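Peer 1: Contents of structure.cif (mmCIF, C-alpha atoms) are given next:
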```cif
data_my_file
loop_
_atom_site.label_atom_id
_atom_site.label_comp_id
_atom_site.auth_asym_id
_atom_site.auth_seq_id
_atom_site.Cartn_x
_atom_site.Cartn_y
_atom_site.Cartn_z
CA MET A 865 92.04 88.94 70.27
CA ILE A 866 94.52 91.78 70.66
CA TYR A 867 96.85 91.71 73.62
CA VAL A 868 98.15 95.10 74.87
CA TYR A 869 101.59 95.57 76.47
CA ALA A 870 102.02 99.29 76.82
CA ILE A 871 101.12 102.79 75.71
CA ILE A 872 104.05 104.59 74.08
CA ASP A 873 105.01 107.94 72.62
CA ARG A 874 106.65 108.32 69.19
CA PRO A 875 104.60 105.56 67.55
CA THR A 876 106.37 105.95 64.20
CA ILE A 877 109.60 104.47 65.56
CA PRO A 878 109.47 100.74 64.80
CA VAL A 879 108.96 98.52 67.84
CA PRO A 880 111.79 96.11 68.74
CA ASP A 881 111.96 92.90 66.78
CA ILE A 882 111.36 90.58 69.69
CA PRO A 883 108.61 88.00 70.09
CA GLY A 884 105.55 88.79 72.15
CA LEU A 885 103.23 86.29 73.79
CA GLU A 886 102.79 83.07 71.79
CA GLY A 887 105.85 84.10 69.77
CA THR A 888 103.91 86.61 67.65
CA ALA A 889 105.45 89.89 66.53
CA LEU A 890 104.90 93.14 68.37
CA ASP A 891 103.07 95.86 66.48
CA THR A 892 102.03 99.46 67.14
CA LEU A 893 98.50 100.80 66.78
CA PRO A 894 99.09 104.55 66.48
CA TYR A 895 96.73 107.33 67.52
CA ARG A 896 97.95 110.88 66.92
CA ASP A 897 101.39 111.07 68.61
CA ILE A 898 100.90 108.06 70.90
CA GLY A 899 100.32 104.37 70.30
CA ALA A 900 99.44 101.03 71.86
CA VAL A 901 101.94 98.20 71.50
CA VAL A 902 100.08 94.99 70.84
CA SER A 903 100.34 91.46 69.50
CA LEU A 904 97.72 89.15 68.04
CA SER A 905 96.59 86.37 70.31
CA THR A 906 94.75 83.18 69.52
CA MET A 907 93.89 82.76 73.18
CA SER A 908 90.93 84.35 74.89
CA LYS A 909 92.84 84.26 78.16
CA VAL A 910 96.57 84.41 78.77
CA PRO A 911 97.63 82.07 81.57
CA PRO A 912 99.62 84.02 84.20
CA ILE A 913 102.47 81.55 84.25
CA GLU A 914 105.98 82.75 84.92
CA ALA A 915 107.08 82.51 81.27
CA ASN A 916 104.17 84.69 80.09
CA LEU A 917 104.71 87.24 82.84
CA TRP A 918 108.35 87.62 81.84
CA GLN A 919 107.41 87.82 78.16
CA HIS A 920 105.13 90.77 78.88
CA GLU A 921 107.80 92.38 81.06
CA THR A 922 110.57 91.82 78.49
CA ALA A 923 108.50 93.43 75.75
CA VAL A 924 107.75 96.49 77.88
CA GLU A 925 111.40 96.82 78.94
CA ALA A 926 112.57 96.62 75.32
CA LEU A 927 110.22 99.45 74.40
CA MET A 928 111.86 101.69 76.98
CA THR A 929 114.98 102.02 74.84
CA ASP A 930 113.32 104.32 72.30
CA HIS A 931 110.07 105.38 73.93
CA SER A 932 108.45 106.80 76.99
CA VAL A 933 106.30 103.91 78.21
CA LEU A 934 103.15 103.41 80.26
CA PRO A 935 103.10 99.71 81.11
CA VAL A 936 99.65 98.10 80.88
CA ARG A 937 98.53 95.54 83.42
CA PHE A 938 99.20 91.93 82.47
CA GLY A 939 96.34 90.10 80.78
CA THR A 940 94.62 93.06 79.12
CA MET A 941 92.97 92.12 75.82
CA PHE A 942 90.63 93.71 73.30
CA PRO A 943 88.42 92.07 70.70
CA ASP A 944 89.72 94.17 67.79
CA GLU A 945 91.87 97.13 66.71
CA ALA A 946 88.94 99.55 66.77
CA ALA A 947 88.41 98.89 70.49
CA VAL A 948 92.08 99.69 71.20
CA GLN A 949 91.91 102.88 69.10
CA ALA A 950 88.78 103.94 70.96
CA GLU A 951 90.63 103.50 74.25
CA LEU A 952 93.56 105.62 73.03
CA SER A 953 91.18 108.31 71.86
CA THR A 954 89.15 108.36 75.08
CA HIS A 955 92.19 108.65 77.32
CA TYR A 956 94.48 110.61 75.02
CA THR A 957 94.96 113.50 77.45
CA GLU A 958 95.72 111.26 80.44
CA PHE A 959 98.07 109.06 78.43
CA THR A 960 99.95 112.07 77.10
CA ALA A 961 100.32 113.51 80.60
CA GLY A 962 101.38 110.10 81.95
CA LEU A 963 104.01 109.66 79.23
CA LYS A 964 105.41 113.10 79.99
CA ARG A 965 105.51 112.31 83.71
CA VAL A 966 107.68 109.19 83.30
CA ARG A 967 109.82 110.30 80.34
CA GLY A 968 113.49 109.60 81.09
CA TYR A 969 112.65 107.82 84.32
CA VAL A 970 112.72 104.21 85.47
CA GLU A 971 111.29 102.56 88.55
CA LEU A 972 113.43 100.94 91.23
CA GLY A 973 111.95 98.59 93.79
CA LEU A 974 113.09 98.25 97.38
CA ARG A 975 112.32 95.72 100.07
CA VAL A 976 113.87 96.06 103.49
CA LEU A 977 113.98 92.91 105.59
CA TRP A 978 114.74 92.55 109.27
CA ASP A 979 117.86 90.48 109.77
CA ASN A 980 116.78 89.55 113.24
CA ASP A 981 113.10 89.93 113.75
CA SER A 982 113.13 88.05 117.06
CA ASP A 983 114.86 91.09 118.49
CA LEU A 984 111.99 93.31 117.53
CA PRO A 985 108.74 91.39 117.45
CA LEU A 986 105.77 93.32 116.21
CA THR A 987 102.98 91.02 117.24
CA PRO A 988 102.11 90.01 120.80
CA ASP A 989 104.21 87.18 122.19
CA GLN A 990 101.67 84.99 123.93
CA GLN A 991 104.36 83.15 125.91
CA LEU A 992 105.30 86.29 127.76
CA LEU A 993 101.80 86.68 129.08
CA PRO A 994 100.94 85.11 132.45
CA SER A 995 98.26 82.49 132.58
CA PRO A 996 94.96 84.27 132.97
CA GLY A 997 94.45 83.26 136.61
CA SER A 998 93.42 86.71 137.64
CA GLY A 999 91.69 88.97 135.21
CA ARG A 1000 93.44 92.05 136.59
CA ALA A 1001 96.95 90.52 136.38
CA TYR A 1002 96.21 89.40 132.88
CA MET A 1003 95.03 92.83 131.77
CA LEU A 1004 98.03 94.56 133.35
CA ALA A 1005 100.46 92.18 131.68
CA ARG A 1006 98.62 92.62 128.44
CA LEU A 1007 98.83 96.39 128.74
CA GLU A 1008 102.56 96.25 129.41
CA GLU A 1009 103.05 94.03 126.42
CA GLU A 1010 101.03 96.40 124.24
CA CYS A 1011 103.17 99.33 125.35
CA LYS A 1012 106.33 97.45 124.43
CA LEU A 1013 104.85 96.61 121.06
CA GLN A 1014 103.98 100.23 120.49
CA VAL A 1015 107.57 101.27 121.23
CA ARG A 1016 108.87 98.65 118.85
CA ARG A 1017 106.49 99.71 116.10
CA GLU A 1018 107.62 103.30 116.52
CA ARG A 1019 111.25 102.22 116.29
CA ALA A 1020 110.43 100.28 113.15
CA ASN A 1021 108.72 103.25 111.55
CA ALA A 1022 111.60 105.54 112.47
CA LEU A 1023 114.09 103.13 110.93
CA ALA A 1024 111.97 102.84 107.78
CA GLU A 1025 111.96 106.62 107.59
CA ASP A 1026 115.76 106.80 108.02
CA ILE A 1027 116.23 104.39 105.15
CA HIS A 1028 113.57 105.89 102.88
CA THR A 1029 114.58 109.55 103.19
CA PRO A 1030 118.03 109.49 101.55
CA LEU A 1031 116.69 107.31 98.74
CA ALA A 1032 113.68 109.56 98.19
CA ARG A 1033 116.12 112.44 97.65
CA LEU A 1034 117.29 110.67 94.49
CA ALA A 1035 113.74 110.14 93.21
CA ALA A 1036 111.12 112.34 91.59
CA GLU A 1037 108.26 110.35 93.14
CA THR A 1038 107.96 107.50 95.62
CA THR A 1039 105.46 105.02 96.99
CA ARG A 1040 105.91 103.09 100.22
CA GLN A 1041 104.32 100.75 102.69
CA THR A 1042 105.76 99.81 106.05
CA LEU A 1043 105.37 96.48 107.78
CA ILE A 1044 103.17 94.66 105.28
CA THR A 1045 104.43 91.66 107.21
CA PRO A 1046 106.36 91.76 110.50
CA ARG A 1047 109.51 90.74 108.63
CA LEU A 1048 109.11 93.23 105.82
CA LEU A 1049 110.02 96.59 107.29
CA LEU A 1050 109.64 98.64 104.12
CA THR A 1051 108.33 98.06 100.62
CA ALA A 1052 108.92 101.03 98.36
CA ALA A 1053 109.15 102.13 94.75
CA TYR A 1054 111.17 105.05 93.45
CA LEU A 1055 110.81 106.91 90.16
CA VAL A 1056 114.43 107.65 89.32
CA LYS A 1057 116.11 109.36 86.36
CA ARG A 1058 117.86 106.75 84.28
CA GLU A 1059 121.21 108.48 84.85
CA GLN A 1060 120.65 108.33 88.61
CA VAL A 1061 120.21 104.55 88.84
CA ALA A 1062 123.87 103.93 89.68
CA ALA A 1063 123.83 106.60 92.37
CA PHE A 1064 120.65 105.08 93.81
CA ARG A 1065 122.21 101.61 93.98
CA GLN A 1066 125.28 103.08 95.62
CA GLU A 1067 123.08 104.69 98.27
CA VAL A 1068 121.38 101.33 98.86
CA GLU A 1069 124.79 99.71 99.41
CA MET A 1070 125.73 102.46 101.80
CA LEU A 1071 122.52 102.02 103.78
CA ASN A 1072 123.13 98.27 103.88
CA SER A 1073 126.41 98.85 105.69
CA THR A 1074 125.00 101.62 107.88
CA TYR A 1075 122.16 99.42 109.18
CA PRO A 1076 123.55 95.90 109.68
CA ARG A 1077 120.35 94.64 111.28
CA VAL A 1078 118.31 95.06 108.13
CA ARG A 1079 118.83 93.92 104.59
CA LEU A 1080 117.96 96.15 101.65
CA LEU A 1081 117.09 94.42 98.40
CA CYS A 1082 116.87 96.61 95.35
CA THR A 1083 115.24 95.41 92.12
CA GLY A 1084 114.92 97.00 88.71
CA PRO A 1085 115.12 99.12 86.72
CA TRP A 1086 111.45 98.39 86.03
CA PRO A 1087 109.03 100.11 83.71
CA PRO A 1088 107.21 102.72 85.81
CA PHE A 1089 104.36 100.39 86.85
CA SER A 1090 103.85 102.11 90.21
CA PHE A 1091 103.72 105.60 88.75
CA VAL A 1092 100.97 105.42 86.19
CA ALA A 1093 97.48 106.51 87.08
CA VAL A 1094 95.18 106.05 84.18
CA THR A 1095 91.84 104.46 84.69
CA ASP A 1096 88.57 103.77 83.05
CA GLU A 1097 86.46 104.95 85.90
CA GLN A 1098 84.69 107.63 83.92
CA MET B 502 116.61 86.10 109.05
CA SER B 503 115.52 82.93 110.70
CA GLN B 504 113.83 80.57 108.25
CA SER B 505 113.74 82.93 105.34
CA VAL B 506 116.95 83.41 103.49
CA LEU B 507 115.51 85.01 100.42
CA LYS B 508 117.26 84.69 97.13
CA GLU B 509 117.46 87.80 95.03
CA LYS B 510 115.70 85.93 92.24
CA GLU B 511 112.68 85.29 94.45
CA VAL B 512 112.50 88.92 95.42
CA THR B 513 112.74 89.95 91.78
CA LEU B 514 109.92 87.59 90.88
CA LEU B 515 107.82 88.88 93.75
CA ASP B 516 108.47 92.45 92.63
CA LEU B 517 107.51 91.52 89.07
CA LEU B 518 104.23 90.01 90.28
CA ASP B 519 103.42 92.99 92.45
CA ARG B 520 103.87 95.26 89.46
CA ILE B 521 102.58 93.35 86.50
CA LEU B 522 99.44 91.97 88.17
CA ASP B 523 98.56 94.75 90.56
CA LYS B 524 99.82 97.93 88.93
CA GLY B 525 100.15 99.45 85.49
CA VAL B 526 97.55 101.10 83.31
CA VAL B 527 94.10 99.57 83.57
CA LEU B 528 92.21 99.66 80.30
CA ARG B 529 88.63 98.94 79.42
CA GLY B 530 89.60 95.70 77.72
CA ASP B 531 89.14 92.42 79.50
CA ILE B 532 91.49 91.72 82.36
CA THR B 533 91.80 88.01 81.87
CA ILE B 534 93.25 87.15 85.24
CA SER B 535 90.83 85.69 87.74
CA VAL B 536 90.96 85.79 91.53
CA VAL B 537 91.77 82.10 91.56
CA ASP B 538 94.67 82.60 89.16
CA VAL B 539 96.15 85.31 91.33
CA ASP B 540 95.84 83.23 94.48
CA LEU B 541 97.39 80.26 92.75
CA ILE B 542 100.34 82.28 91.51
CA TYR B 543 101.14 83.49 94.97
CA VAL B 544 100.52 80.18 96.70
CA GLY B 545 102.34 78.27 93.97
CA LEU B 546 105.48 80.32 94.33
CA LYS B 547 105.59 79.64 98.07
CA LEU B 548 107.15 83.01 98.59
CA LEU B 549 107.96 83.58 102.20
CA LEU B 550 107.18 87.24 102.02
CA THR B 551 103.72 86.68 100.68
CA SER B 552 101.40 87.88 103.35
CA VAL B 553 97.71 87.38 103.74
CA GLU B 554 97.49 91.12 103.26
CA THR B 555 99.13 90.93 99.84
CA VAL B 556 96.77 88.20 98.72
CA GLU B 557 93.84 90.22 100.04
CA ARG B 558 95.04 93.24 98.10
CA MET B 559 95.31 91.13 94.98
CA ARG B 560 91.84 89.75 95.56
CA VAL B 561 90.40 93.25 95.72
CA ALA B 562 92.36 94.22 92.59
CA ALA B 563 91.04 91.24 90.68
CA GLN B 564 87.47 91.86 91.75
CA SER B 565 87.48 95.51 90.75
CA PRO B 566 89.98 96.01 87.95
CA VAL B 567 88.61 99.45 87.20
CA ARG B 568 90.14 101.82 89.70
CA MET B 569 92.82 104.40 90.34
CA GLU B 570 96.34 103.05 90.34
CA GLY B 571 99.80 104.01 91.34
CA ARG B 572 99.24 106.93 93.68
#
```
Any chance you could give the structure as structure tokens?

Peer 2:
Amino acid sequence: MIYVYAIIDRPTIPVPDIPGLEGTALDTLPYRDIGAVVSLSTMSKVPPIEANLWQHETAVEALMTDHSVLPVRFGTMFPDEAAVQAELSTHYTEFTAGLKRVRGYVELGLRVLWDNDSDLPLTPDQQLLPSPGSGRAYMLARLEEECKLQVRRERANALAEDIHTPLARLAAETTRQTLITPRLLLTAAYLVKREQVAAFRQEVEMLNSTYPRVRLLCTGPWPPFSFVAVTDEQ
Amino acid sequence: MSQSVLKEKEVTLLDLLDRILDKGVVLRGDITISVVDVDLIYVGLKLLLTSVETVERMRVAAQSPVRMEGR
């Protein structure tokens, strides 16, 4: 089986001499001016254990030194070289556009955590509600509680916006989700020019001191996983 | 943060998982990760930030690997 790590530009530049999964060498299967970086696998299925996940990630990161890179989802395998070539040929236009889109950029991840979520609960607090002796009293209390929750959610969204906006200014593209869990105010990804990474981190530090009630955690630089959009839907 | 003092390493690992298993280019080749695998990874790591919603998202991703990504 052939395991695929990434789609790259400039396939004639040798891939880094680092081991891929199962310790096998990385190799490039070129197609026109792009290529797929692969390694041979004896397994029909790669276990998603931490060591393997990092191995995939390390390989993709190493490629970013000399190439524009479209990271491929972990665990993608093909039966033979011809199947990989066919894939490159079918999606050549999309891959080329994707490589151009992320050239010179890296992805930075951000998670913003509430430092004190008890101060701003986002789900109903059952203890605040009166015992349902009277249906009317219960409904009124419930309504009041809902209104409070609504206010808190709005405050949360406004805060997420205040944090996201200055960071988005340093990015070409962004993705974000607010309140995936009550504790996780903001989960975002930013496509940032490599030279801007330091400035981005500085901005994160600044926001950390500006908003003491939340904690910003920045990870990366990552390969641009969140900013590739190539599919096999056709 | 009450019971969840997250270490940077845990967040990094969570971010890696979110990317490597749920994002990136999807090719016609076999995605060899099953729903069970994905659930086990998340459960096994006992990550405090792992929500039911995340697991649900992963479940959907694993069931239909052929779809638009990253927008």

Peer 1: Using only C-alpha atoms, which residues sit within 10 Å of Ile871 (chain A) once same-chain residues fewer than 3 positions away are excluded, as a list in words?

Peer 2: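 Residues meeting the cut-off are Val868, Pro875, Thr892, Leu893, Pro894, Ile898, Gly899, Ala900, Val901, Val902, Val924, Leu927, His931, Ser932, Val933, Leu934, Pro935, Val936, Leu952, Phe959, Thr960, Gly962 and Leu963 of chain A; Val526 of chain B.
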
Peer 1: What are the residues of chain A that have an atom within 9 Å of an atom of chain B, counting all atoms listed in the file, as a PDB file with C-alpha atoms, keeping the file's coordinate frame?

Peer 2:
```pdb
ATOM      1  CA  ALA A 870     102.020  99.290  76.820  1.00  0.00           C
ATOM      2  CA  ILE A 871     101.120 102.790  75.710  1.00  0.00           C
ATOM      3  CA  SER A 908      90.930  84.350  74.890  1.00  0.00           C
ATOM      4  CA  LYS A 909      92.840  84.260  78.160  1.00  0.00           C
ATOM      5  CA  VAL A 910      96.570  84.410  78.770  1.00  0.00           C
ATOM      6  CA  PRO A 911      97.630  82.070  81.570  1.00  0.00           C
ATOM      7  CA  PRO A 912      99.620  84.020  84.200  1.00  0.00           C
ATOM      8  CA  ILE A 913     102.470  81.550  84.250  1.00  0.00           C
ATOM      9  CA  GLU A 914     105.980  82.750  84.920  1.00  0.00           C
ATOM     10  CA  LEU A 917     104.710  87.240  82.840  1.00  0.00           C
ATOM     11  CA  TRP A 918     108.350  87.620  81.840  1.00  0.00           C
ATOM     12  CA  HIS A 920     105.130  90.770  78.880  1.00  0.00           C
ATOM     13  CA  GLU A 921     107.800  92.380  81.060  1.00  0.00           C
ATOM     14  CA  LEU A 934     103.150 103.410  80.260  1.00  0.00           C
ATOM     15  CA  PRO A 935     103.100  99.710  81.110  1.00  0.00           C
ATOM     16  CA  VAL A 936      99.650  98.100  80.880  1.00  0.00           C
ATOM     17  CA  ARG A 937      98.530  95.540  83.420  1.00  0.00           C
ATOM     18  CA  PHE A 938      99.200  91.930  82.470  1.00  0.00           C
ATOM     19  CA  GLY A 939      96.340  90.100  80.780  1.00  0.00           C
ATOM     20  CA  THR A 940      94.620  93.060  79.120  1.00  0.00           C
ATOM     21  CA  MET A 941      92.970  92.120  75.820  1.00  0.00           C
ATOM     22  CA  PHE A 942      90.630  93.710  73.300  1.00  0.00           C
ATOM     23  CA  PRO A 943      88.420  92.070  70.700  1.00  0.00           C
ATOM     24  CA  ALA A 947      88.410  98.890  70.490  1.00  0.00           C
ATOM     25  CA  VAL A 948      92.080  99.690  71.200  1.00  0.00           C
ATOM     26  CA  GLU A 951      90.630 103.500  74.250  1.00  0.00           C
ATOM     27  CA  GLY A 973     111.950  98.590  93.790  1.00  0.00           C
ATOM     28  CA  LEU A 974     113.090  98.250  97.380  1.00  0.00           C
ATOM     29  CA  ARG A 975     112.320  95.720 100.070  1.00  0.00           C
ATOM     30  CA  LEU A 977     113.980  92.910 105.590  1.00  0.00           C
ATOM     31  CA  TRP A 978     114.740  92.550 109.270  1.00  0.00           C
ATOM     32  CA  ASP A 979     117.860  90.480 109.770  1.00  0.00           C
ATOM     33  CA  ASN A 980     116.780  89.550 113.240  1.00  0.00           C
ATOM     34  CA  ASP A 981     113.100  89.930 113.750  1.00  0.00           C
ATOM     35  CA  SER A 982     113.130  88.050 117.060  1.00  0.00           C
ATOM     36  CA  THR A1038     107.960 107.500  95.620  1.00  0.00           C
ATOM     37  CA  THR A1039     105.460 105.020  96.990  1.00  0.00           C
ATOM     38  CA  ILE A1044     103.170  94.660 105.280  1.00  0.00           C
ATOM     39  CA  THR A1045     104.430  91.660 107.210  1.00  0.00           C
ATOM     40  CA  ARG A1047     109.510  90.740 108.630  1.00  0.00           C
ATOM     41  CA  LEU A1048     109.110  93.230 105.820  1.00  0.00           C
ATOM     42  CA  LEU A1081     117.090  94.420  98.400  1.00  0.00           C
ATOM     43  CA  CYS A1082     116.870  96.610  95.350  1.00  0.00           C
ATOM     44  CA  THR A1083     115.240  95.410  92.120  1.00  0.00           C
ATOM     45  CA  GLY A1084     114.920  97.000  88.710  1.00  0.00           C
ATOM     46  CA  TRP A1086     111.450  98.390  86.030  1.00  0.00           C
ATOM     47  CA  PRO A1088     107.210 102.720  85.810  1.00  0.00           C
ATOM     48  CA  PHE A1089     104.360 100.390  86.850  1.00  0.00           C
ATOM     49  CA  SER A1090     103.850 102.110  90.210  1.00  0.00           C
ATOM     50  CA  PHE A1091     103.720 105.600  88.750  1.00  0.00           C
ATOM     51  CA  VAL A1092     100.970 105.420  86.190  1.00  0.00           C
ATOM     52  CA  ALA A1093      97.480 106.510  87.080  1.00  0.00           C
ATOM     53  CA  VAL A1094      95.180 106.050  84.180  1.00  0.00           C
ATOM     54  CA  THR A1095      91.840 104.460  84.690  1.00  0.00           C
ATOM     55  CA  ASP A1096      88.570 103.770  83.050  1.00  0.00           C
ATOM     56  CA  GLU A1097      86.460 104.950  85.900  1.00  0.00           C
TER      57      GLU A1097
END
```

Peer 1: Using all atoms listed in the file for the distances, tell me which of A:Glu1025, A:Ile882, A:Thr888, A:Arg1016 is nearest to Tyr867 (chain A).

Peer 2: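 For Tyr867 (chain A), the nearest of the candidates is A:Thr888.
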
Peer 1: Work out how far CA of Ile866 (chain A) is from CA of Thr906 (chain A), in Å to one decimal.

Peer 2: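 Value for the CA of Thr906 (chain A)-CA of Ile866 (chain A) distance: 8.7 Å.
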
Peer 1: Mind telling me what the PyMOL selection byres ((chain A and resi 1075) around 12) catches here, as a JSON list (two decimals) with C-alpha atoms, keeping the file's coordinate frame?

Peer 2:
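Once everything was written out, this is selection.json:
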```json
[["chain", "number", "residue", "atom", "x", "y", "z"],
["A", 976, "VAL", "CA", 113.87, 96.06, 103.49],
["A", 977, "LEU", "CA", 113.98, 92.91, 105.59],
["A", 978, "TRP", "CA", 114.74, 92.55, 109.27],
["A", 979, "ASP", "CA", 117.86, 90.48, 109.77],
["A", 980, "ASN", "CA", 116.78, 89.55, 113.24],
["A", 1023, "LEU", "CA", 114.09, 103.13, 110.93],
["A", 1024, "ALA", "CA", 111.97, 102.84, 107.78],
["A", 1026, "ASP", "CA", 115.76, 106.80, 108.02],
["A", 1027, "ILE", "CA", 116.23, 104.39, 105.15],
["A", 1068, "VAL", "CA", 121.38, 101.33, 98.86],
["A", 1069, "GLU", "CA", 124.79, 99.71, 99.41],
["A", 1070, "MET", "CA", 125.73, 102.46, 101.80],
["A", 1071, "LEU", "CA", 122.52, 102.02, 103.78],
["A", 1072, "ASN", "CA", 123.13, 98.27, 103.88],
["A", 1073, "SER", "CA", 126.41, 98.85, 105.69],
["A", 1074, "THR", "CA", 125.00, 101.62, 107.88],
["A", 1076, "PRO", "CA", 123.55, 95.90, 109.68],
["A", 1077, "ARG", "CA", 120.35, 94.64, 111.28],
["A", 1078, "VAL", "CA", 118.31, 95.06, 108.13],
["A", 1079, "ARG", "CA", 118.83, 93.92, 104.59],
["A", 1080, "LEU", "CA", 117.96, 96.15, 101.65]]
```

Peer 1: In Å, how far is it from CA of Leu1050 (chain A) to CA of Ala923 (chain A)?

Peer 2: 28.9 Å

Peer 1: Rounded to one decimal, what separation in Å do you get between CA of Leu1055 (chain A) and CA of Leu1034 (chain A)?

Peer 2: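 Value for the CA of Leu1055 (chain A)-CA of Leu1034 (chain A) distance: 8.7 Å.
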
Peer 1: Env of Ala1036 (chain A): 9 Å cut, atoms = only C-alpha atoms, seq-sep filter 5 positions within chain, self excluded. Answer as a VMD selection string.

Peer 2: chain A and resid 969 1054 to 1057

Peer 1: Deliver the residues from the most recent selection as a file, using C-alpha atoms, as a short mmCIF file (atom, residue, chain, number, x, y, z; two decimals), in the frame of the given file.

Peer 2:
```cif
data_model
loop_
_atom_site.label_atom_id
_atom_site.label_comp_id
_atom_site.auth_asym_id
_atom_site.auth_seq_id
_atom_site.Cartn_x
_atom_site.Cartn_y
_atom_site.Cartn_z
CA TYR A 969 112.65 107.82 84.32
CA TYR A 1054 111.17 105.05 93.45
CA LEU A 1055 110.81 106.91 90.16
CA VAL A 1056 114.43 107.65 89.32
CA LYS A 1057 116.11 109.36 86.36
#
```

Peer 1: The centre and edge lengths of an axis-aligned box containing all atoms of region 1049-1056 of chain A present in the file, extended by 3 Å on each side, are to be given in Å to one decimal, as JSON.

Peer 2:
```
{"center_x": 111.4, "center_y": 102.1, "center_z": 98.3, "size_x": 12.1, "size_y": 17.1, "size_z": 24.0}
```
